[in-house]
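Coordinates from work-v3.cif are shown below (mmCIF, C-alpha atoms).
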```
data_run
loop_
_atom_site.group_PDB
_atom_site.id
_atom_site.type_symbol
_atom_site.label_atom_id
_atom_site.label_comp_id
_atom_site.auth_asym_id
_atom_site.auth_seq_id
_atom_site.Cartn_x
_atom_site.Cartn_y
_atom_site.Cartn_z
ATOM 1 C CA MET A 1 93.791 121.483 100.082
ATOM 2 C CA ALA A 2 96.231 119.414 98.013
ATOM 3 C CA GLU A 3 99.295 121.109 96.596
ATOM 4 C CA ALA A 4 100.465 120.521 93.033
ATOM 5 C CA ASN A 5 103.369 118.330 94.187
ATOM 6 C CA ASP A 6 101.336 116.174 96.599
ATOM 7 C CA PHE A 7 101.059 112.510 95.707
ATOM 8 C CA TYR A 8 97.997 112.033 97.939
ATOM 9 C CA VAL A 9 95.068 113.895 99.411
ATOM 10 C CA ALA A 10 93.134 112.666 102.462
ATOM 11 C CA SER A 11 90.022 110.613 101.685
ATOM 12 C CA ARG A 12 86.657 112.278 102.038
ATOM 13 C CA THR A 13 82.996 111.336 101.909
ATOM 14 C CA GLY A 14 81.216 110.705 98.642
ATOM 15 C CA PRO A 15 82.139 108.266 95.874
ATOM 16 C CA LEU A 16 85.137 105.990 96.218
ATOM 17 C CA ARG A 17 87.951 107.127 93.954
ATOM 18 C CA GLN A 18 90.333 105.355 91.617
ATOM 19 C CA GLY A 19 93.642 105.198 93.480
ATOM 20 C CA GLU A 20 91.993 105.488 96.914
ATOM 21 C CA ILE A 21 93.691 103.586 99.729
ATOM 22 C CA LEU A 22 91.577 101.757 102.294
ATOM 23 C CA SER A 23 92.793 99.881 105.351
ATOM 24 C CA ASP A 24 91.521 96.852 107.259
ATOM 25 C CA LEU A 25 89.150 95.672 104.514
ATOM 26 C CA LYS A 26 87.486 92.333 105.153
ATOM 27 C CA GLN A 27 86.711 90.047 102.227
ATOM 28 C CA ILE A 28 84.295 87.143 102.653
ATOM 29 C CA VAL A 29 85.354 84.153 100.531
ATOM 30 C CA PRO A 30 83.465 80.825 100.327
ATOM 31 C CA ILE A 31 85.596 77.822 101.256
ATOM 32 C CA ALA A 32 86.230 75.843 98.066
ATOM 33 C CA GLY A 33 83.378 73.467 97.252
ATOM 34 C CA SER A 34 81.211 74.480 100.212
ATOM 35 C CA VAL A 35 78.629 76.252 98.009
ATOM 36 C CA PHE A 36 77.405 72.808 96.918
ATOM 37 C CA HIS A 37 76.705 71.594 100.447
ATOM 38 C CA GLU A 38 76.788 73.692 103.588
ATOM 39 C CA LEU A 39 78.186 77.136 102.804
ATOM 40 C CA ARG A 40 81.291 77.951 104.822
ATOM 41 C CA VAL A 41 83.404 81.059 104.418
ATOM 42 C CA ASP A 42 86.780 82.484 105.281
ATOM 43 C CA ILE A 43 87.309 86.135 106.094
ATOM 44 C CA ILE A 44 90.446 87.495 104.462
ATOM 45 C CA GLU A 45 91.775 90.694 105.989
ATOM 46 C CA HIS A 46 93.548 93.207 103.785
ATOM 47 C CA PRO A 47 95.607 95.633 105.896
ATOM 48 C CA PHE A 48 95.817 97.993 102.881
ATOM 49 C CA ALA A 49 94.173 97.939 99.460
ATOM 50 C CA VAL A 50 94.029 100.366 96.546
ATOM 51 C CA VAL A 51 90.904 100.932 94.434
ATOM 52 C CA LEU A 52 91.467 100.089 90.751
ATOM 53 C CA SER A 53 87.909 100.608 89.481
ATOM 54 C CA GLN A 54 87.453 103.599 87.187
ATOM 55 C CA ASP A 55 86.462 106.975 88.659
ATOM 56 C CA CYS A 56 83.536 107.466 86.262
ATOM 57 C CA ASP A 57 82.075 104.046 87.142
ATOM 58 C CA LEU A 58 82.520 104.681 90.861
ATOM 59 C CA GLU A 59 80.861 108.078 90.617
ATOM 60 C CA GLN A 60 77.898 106.823 88.553
ATOM 61 C CA ASP A 61 77.448 103.927 90.976
ATOM 62 C CA PHE A 62 77.501 106.194 94.033
ATOM 63 C CA TYR A 63 74.914 108.643 92.715
ATOM 64 C CA ALA A 64 72.725 105.825 91.364
ATOM 65 C CA ARG A 65 72.665 104.244 94.840
ATOM 66 C CA GLU A 66 71.898 107.620 96.401
ATOM 67 C CA GLY A 67 69.093 108.166 93.871
ATOM 68 C CA LEU A 68 67.515 104.794 94.637
ATOM 69 C CA LYS A 69 67.874 105.344 98.378
ATOM 70 C CA ASN A 70 66.348 108.825 98.237
ATOM 71 C CA GLN A 71 63.625 107.805 95.773
ATOM 72 C CA LYS A 72 65.002 110.097 93.052
ATOM 73 C CA GLN A 73 64.324 109.238 89.422
ATOM 74 C CA ILE A 74 61.686 106.829 90.714
ATOM 75 C CA GLU A 75 59.852 107.065 87.378
ATOM 76 C CA ARG A 76 62.880 105.368 85.725
ATOM 77 C CA PRO A 77 64.630 103.300 88.426
ATOM 78 C CA GLU A 78 66.162 101.084 85.719
ATOM 79 C CA ILE A 79 68.549 103.952 84.843
ATOM 80 C CA ASN A 80 69.953 103.993 88.362
ATOM 81 C CA GLU A 81 70.008 100.201 88.492
ATOM 82 C CA ARG A 82 72.019 100.071 85.240
ATOM 83 C CA ARG A 83 74.650 102.472 86.622
ATOM 84 C CA LYS A 84 75.418 100.408 89.714
ATOM 85 C CA LEU A 85 78.704 98.480 90.019
ATOM 86 C CA SER A 86 78.419 94.916 91.273
ATOM 87 C CA SER A 87 81.818 95.099 92.975
ATOM 88 C CA VAL A 88 84.887 97.268 93.452
ATOM 89 C CA LEU A 89 88.235 96.078 92.083
ATOM 90 C CA PHE A 90 91.195 96.340 94.477
ATOM 91 C CA CYS A 91 94.867 95.446 94.584
ATOM 92 C CA ASP A 92 96.495 94.412 97.854
ATOM 93 C CA ALA A 93 98.986 96.960 99.140
ATOM 94 C CA THR A 94 101.731 96.042 101.578
ATOM 95 C CA PRO A 95 104.087 98.260 103.590
ATOM 96 C CA THR A 96 107.303 98.252 101.580
ATOM 97 C CA ASP A 97 109.445 96.608 104.269
ATOM 98 C CA GLU A 98 107.050 93.624 104.308
ATOM 99 C CA LEU A 99 107.007 93.432 100.507
ATOM 100 C CA ARG A 100 110.795 93.540 100.433
ATOM 101 C CA ASN A 101 110.942 90.530 102.782
ATOM 102 C CA ARG A 102 108.452 88.681 100.583
ATOM 103 C CA ILE A 103 110.438 89.347 97.386
ATOM 104 C CA ASN A 104 113.802 88.618 99.064
ATOM 105 C CA ASP A 105 115.876 89.347 95.943
ATOM 106 C CA ALA A 106 118.017 92.517 95.863
ATOM 107 C CA ARG A 107 118.098 92.650 92.036
ATOM 108 C CA VAL A 108 114.304 92.451 91.735
ATOM 109 C CA TRP A 109 113.803 94.848 94.661
ATOM 110 C CA LYS A 110 115.873 97.569 92.990
ATOM 111 C CA THR A 111 113.601 97.483 89.922
ATOM 112 C CA VAL A 112 110.497 97.481 92.145
ATOM 113 C CA LEU A 113 111.547 100.699 93.918
ATOM 114 C CA GLN A 114 112.098 102.363 90.527
ATOM 115 C CA ASN A 115 108.743 101.084 89.183
ATOM 116 C CA MET A 116 110.671 99.283 86.452
ATOM 117 C CA ASN A 117 109.290 95.819 87.261
ATOM 118 C CA GLU A 118 106.004 95.177 85.446
ATOM 119 C CA ARG A 119 104.575 93.023 88.260
ATOM 120 C CA TYR A 120 104.999 95.533 91.093
ATOM 121 C CA GLN A 121 104.203 99.172 91.845
ATOM 122 C CA PHE A 122 105.853 101.234 94.559
ATOM 123 C CA LEU A 123 103.844 104.048 96.172
ATOM 124 C CA ARG A 124 105.817 106.532 98.228
ATOM 125 C CA GLU A 125 105.175 107.517 101.849
ATOM 126 C CA ILE A 126 101.757 108.837 102.863
ATOM 127 C CA LYS A 127 102.174 111.745 105.272
ATOM 128 C CA PRO A 128 99.770 112.104 108.226
ATOM 129 C CA GLY A 129 98.235 115.238 106.670
ATOM 130 C CA GLN A 130 97.428 113.252 103.511
ATOM 131 C CA ASP A 131 95.679 110.491 105.488
ATOM 132 C CA ALA A 132 92.104 110.849 106.755
ATOM 133 C CA SER A 133 93.120 108.857 109.856
ATOM 134 C CA GLU A 134 96.141 111.177 110.320
ATOM 135 C CA LYS A 135 98.378 108.117 110.871
ATOM 136 C CA GLY A 136 100.238 108.139 107.559
ATOM 137 C CA VAL A 137 102.198 105.234 106.113
ATOM 138 C CA PRO A 138 105.864 106.236 106.512
ATOM 139 C CA SER A 139 107.343 103.261 104.653
ATOM 140 C CA GLY A 140 105.151 103.686 101.589
ATOM 141 C CA LEU A 141 103.235 100.812 100.014
ATOM 142 C CA GLY A 142 104.045 98.157 97.453
ATOM 143 C CA LEU A 143 101.493 96.504 95.165
ATOM 144 C CA ASP A 144 101.844 93.067 93.622
ATOM 145 C CA PHE A 145 99.610 93.014 90.542
ATOM 146 C CA LYS A 146 99.014 89.272 90.992
ATOM 147 C CA ARG A 147 97.189 90.012 94.262
ATOM 148 C CA TYR A 148 93.956 91.655 93.149
ATOM 149 C CA PHE A 149 90.433 90.984 94.384
ATOM 150 C CA SER A 150 86.929 92.437 94.439
ATOM 151 C CA ILE A 151 84.353 93.100 97.141
ATOM 152 C CA PRO A 152 80.649 93.837 96.524
ATOM 153 C CA THR A 153 80.193 97.597 96.312
ATOM 154 C CA GLU A 154 77.554 97.830 99.044
ATOM 155 C CA GLU A 155 79.853 95.916 101.391
ATOM 156 C CA VAL A 156 82.764 98.287 100.708
ATOM 157 C CA TYR A 157 80.637 101.320 101.597
ATOM 158 C CA ALA A 158 79.235 99.557 104.686
ATOM 159 C CA GLN A 159 82.744 98.789 105.917
ATOM 160 C CA ALA A 160 83.900 102.334 105.137
ATOM 161 C CA GLU A 161 81.031 103.752 107.190
ATOM 162 C CA GLN A 162 81.579 101.412 110.125
ATOM 163 C CA LEU A 163 85.392 101.199 110.157
ATOM 164 C CA LYS A 164 86.230 104.725 108.908
ATOM 165 C CA ASN A 165 88.913 103.026 106.819
ATOM 166 C CA ARG A 166 89.121 105.375 103.810
ATOM 167 C CA ARG A 167 92.639 106.753 104.137
ATOM 168 C CA GLY A 168 94.074 108.672 101.182
ATOM 169 C CA ILE A 169 93.604 109.183 97.457
ATOM 170 C CA LEU A 170 96.429 108.952 94.949
ATOM 171 C CA GLN A 171 96.359 112.147 92.911
ATOM 172 C CA THR A 172 96.442 112.694 89.139
ATOM 173 C CA PRO A 173 98.535 111.600 87.243
ATOM 174 C CA TYR A 174 99.759 108.998 89.769
ATOM 175 C CA ALA A 175 96.395 107.206 90.047
ATOM 176 C CA GLU A 176 96.173 106.901 86.267
ATOM 177 C CA HIS A 177 99.808 105.773 86.074
ATOM 178 C CA LEU A 178 99.033 103.005 88.561
ATOM 179 C CA ASN A 179 95.950 101.877 86.629
ATOM 180 C CA VAL A 180 97.789 101.829 83.301
ATOM 181 C CA ARG A 181 100.581 99.720 84.806
ATOM 182 C CA PHE A 182 98.091 97.322 86.437
ATOM 183 C CA HIS A 183 96.156 96.791 83.227
ATOM 184 C CA PHE A 184 99.333 96.475 81.177
ATOM 185 C CA TYR A 185 100.372 93.633 83.486
ATOM 186 C CA GLN A 186 96.977 91.934 83.061
ATOM 187 C CA MET A 187 97.169 92.288 79.253
ATOM 188 C CA ARG A 188 100.498 90.496 78.834
ATOM 189 C CA ILE A 189 100.535 87.956 76.025
ATOM 190 C CA ALA A 190 102.116 84.590 76.702
ATOM 191 C CA LEU A 191 104.567 83.774 73.924
ATOM 192 C CA PRO A 192 105.320 80.156 73.006
ATOM 193 C CA LYS A 193 109.006 81.024 72.709
ATOM 194 C CA ALA A 194 111.094 84.016 73.792
ATOM 195 C CA HIS A 195 112.447 86.365 71.102
ATOM 196 C CA HIS A 196 116.061 86.090 72.171
ATOM 197 C CA ALA A 197 118.265 83.549 70.413
ATOM 198 C CA ASP A 198 118.806 80.156 72.096
#
```
Reformat the file's structure so that it appears as structure tokens.
Amino acid sequence: MAEANDFYVASRTGPLRQGEILSDLKQIVPIAGSVFHELRVDIIEHPFAVVLSQDCDLEQDFYAREGLKNQKQIERPEINERRKLSSVLFCDATPTDELRNRINDARVWKTVLQNMNERYQFLREIKPGQDASEKGVPSGLGLDFKRYFSIPTEEVYAQAEQLKNRRGILQTPYAEHLNVRFHFYQMRIALPKAHHAD
């Protein structure tokens, strides 16, 4: 049972959750231009990734898939079909020591750790008791909002079943805080000229 001051709770079965952390996800990506000739693909491995899709969409998708699988609502299968998500949106998550090496700028890093840099989000340590694998992530995780991707929903669930890679779920209000910051970053408006005086 999660306590009020917990940042995470261990993942469980059922619908994926907004703010859920998965490990060892594999993303299949066509090699550029190969779809026009002989299809070739790369497999990109994501050591950690955080779900950014909305909870309500994830829940509707899960129960729609279950309904179609179990022949429920068979008289109106189009309702279940309409509720399905084509893919799940993720953001790459990196152990903070690795992200720090990638950024390699002490001034920027200080703002990242305080969640004051609009491009990055710092997530604190995941304790073993908050991790379904009971491994934990002692260093915490860092997200770079430029590194987002999607995987077809059925594939995510297939990997979760086979790899047992659902780890922990960021709790309210931290999951919502993450999503607001991610979408704020995506909604930036490019200005032709900065406001400050030349």
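Every residue that the PyMOL selection byres ((chain A and resi 161) around 12) selects in this file is listed here: Arg12, Thr13, Gly14, Leu16, Leu22, Leu25, Glu154, Glu155, Val156, Tyr157, Ala158, Gln159, Ala160, Gln162, Leu163, Lys164, Asn165 and Arg166 of chain A.
All polymer residues at most 8 Å from (107.3, 93.4, 95.6), using all atoms listed in the file, appear as Thr96, Leu99, Arg100, Arg102, Ile103, Trp109, Val112, Arg119, Tyr120, Gln121, Gly142, Leu143 and Asp144 of chain A.
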Please produce a file of the residues just selected, as an mmCIF file, in the coordinates of the input, where the atoms kept are C-alpha atoms.
```
data_model
loop_
_atom_site.group_PDB
_atom_site.id
_atom_site.type_symbol
_atom_site.label_atom_id
_atom_site.label_comp_id
_atom_site.auth_asym_id
_atom_site.auth_seq_id
_atom_site.Cartn_x
_atom_site.Cartn_y
_atom_site.Cartn_z
ATOM 1 C CA THR A 96 107.303 98.252 101.580
ATOM 2 C CA LEU A 99 107.007 93.432 100.507
ATOM 3 C CA ARG A 100 110.795 93.540 100.433
ATOM 4 C CA ARG A 102 108.452 88.681 100.583
ATOM 5 C CA ILE A 103 110.438 89.347 97.386
ATOM 6 C CA TRP A 109 113.803 94.848 94.661
ATOM 7 C CA VAL A 112 110.497 97.481 92.145
ATOM 8 C CA ARG A 119 104.575 93.023 88.260
ATOM 9 C CA TYR A 120 104.999 95.533 91.093
ATOM 10 C CA GLN A 121 104.203 99.172 91.845
ATOM 11 C CA GLY A 142 104.045 98.157 97.453
ATOM 12 C CA LEU A 143 101.493 96.504 95.165
ATOM 13 C CA ASP A 144 101.844 93.067 93.622
#
```
Using Å and a single decimal, report how far atom CA of Ser87 of chain A sits from atom CA of Pro30 of chain A.
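Separating atom CA of Pro30 of chain A from atom CA of Ser87 of chain A is a distance of 16.1 Å.
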Ground truth for the PyMOL selection byres ((chain A and resi 179-182) around 9), written as a ChimeraX atom specification:
/A:18-19,52-54,91,118-121,145,174-178,183-187
So the first atom is atom CA of Pro128 of chain A and the second is atom CA of Pro47 of chain A; what is the distance between them in Å, to one decimal place?
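Atom CA of Pro128 of chain A sits 17.1 Å away from atom CA of Pro47 of chain A.
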With only C-alpha atoms as the basis for distance, which of A:Arg17, A:His195, A:Lys26, A:Lys146 is at the shortest distance from Cys56 of chain A?
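Of A:Arg17, A:His195, A:Lys26, A:Lys146, the one nearest Cys56 of chain A, counting only C-alpha atoms, is A:Arg17.
Candidate residues A:Ala132, A:Val88, A:Val35, A:Ile43 were compared for distance to Ser23 of chain A, and the nearest is A:Ala132, using only C-alpha atoms.
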Extract, using all atoms listed in the file, all DNA, RNA and protein residues at most 8 Å from Val29 of chain A, discarding same-chain residues fewer than 3 positions from it, and format them as a PyMOL selection string.
chain A and resi 41-44
Could you check the closest approach to Gly129 of chain A for each of A:Lys84, A:Arg107, A:Arg167, A:Arg147 and tell me which residue wins, using only C-alpha atoms?
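Nearest to Gly129 of chain A: A:Arg167.
Restricting the calculation to only C-alpha atoms, the smallest distance between Ser86 of chain A and any of A:Ser150, A:Lys135, A:Lys127, A:Asn117 is found for A:Ser150.
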Which value, in Å to one decimal, gives the distance between atom CA of Leu170 of chain A and atom CA of Glu20 of chain A?
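Calculated distance between atom CA of Leu170 of chain A and atom CA of Glu20 of chain A is 6.0 Å.
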8 Å per side around segment 20-34 of chain A: axis-aligned box centre and edge lengths, as JSON:
```
{"center_x": 87.5, "center_y": 89.5, "center_z": 102.1, "size_x": 28.5, "size_y": 48.0, "size_z": 26.3}
```
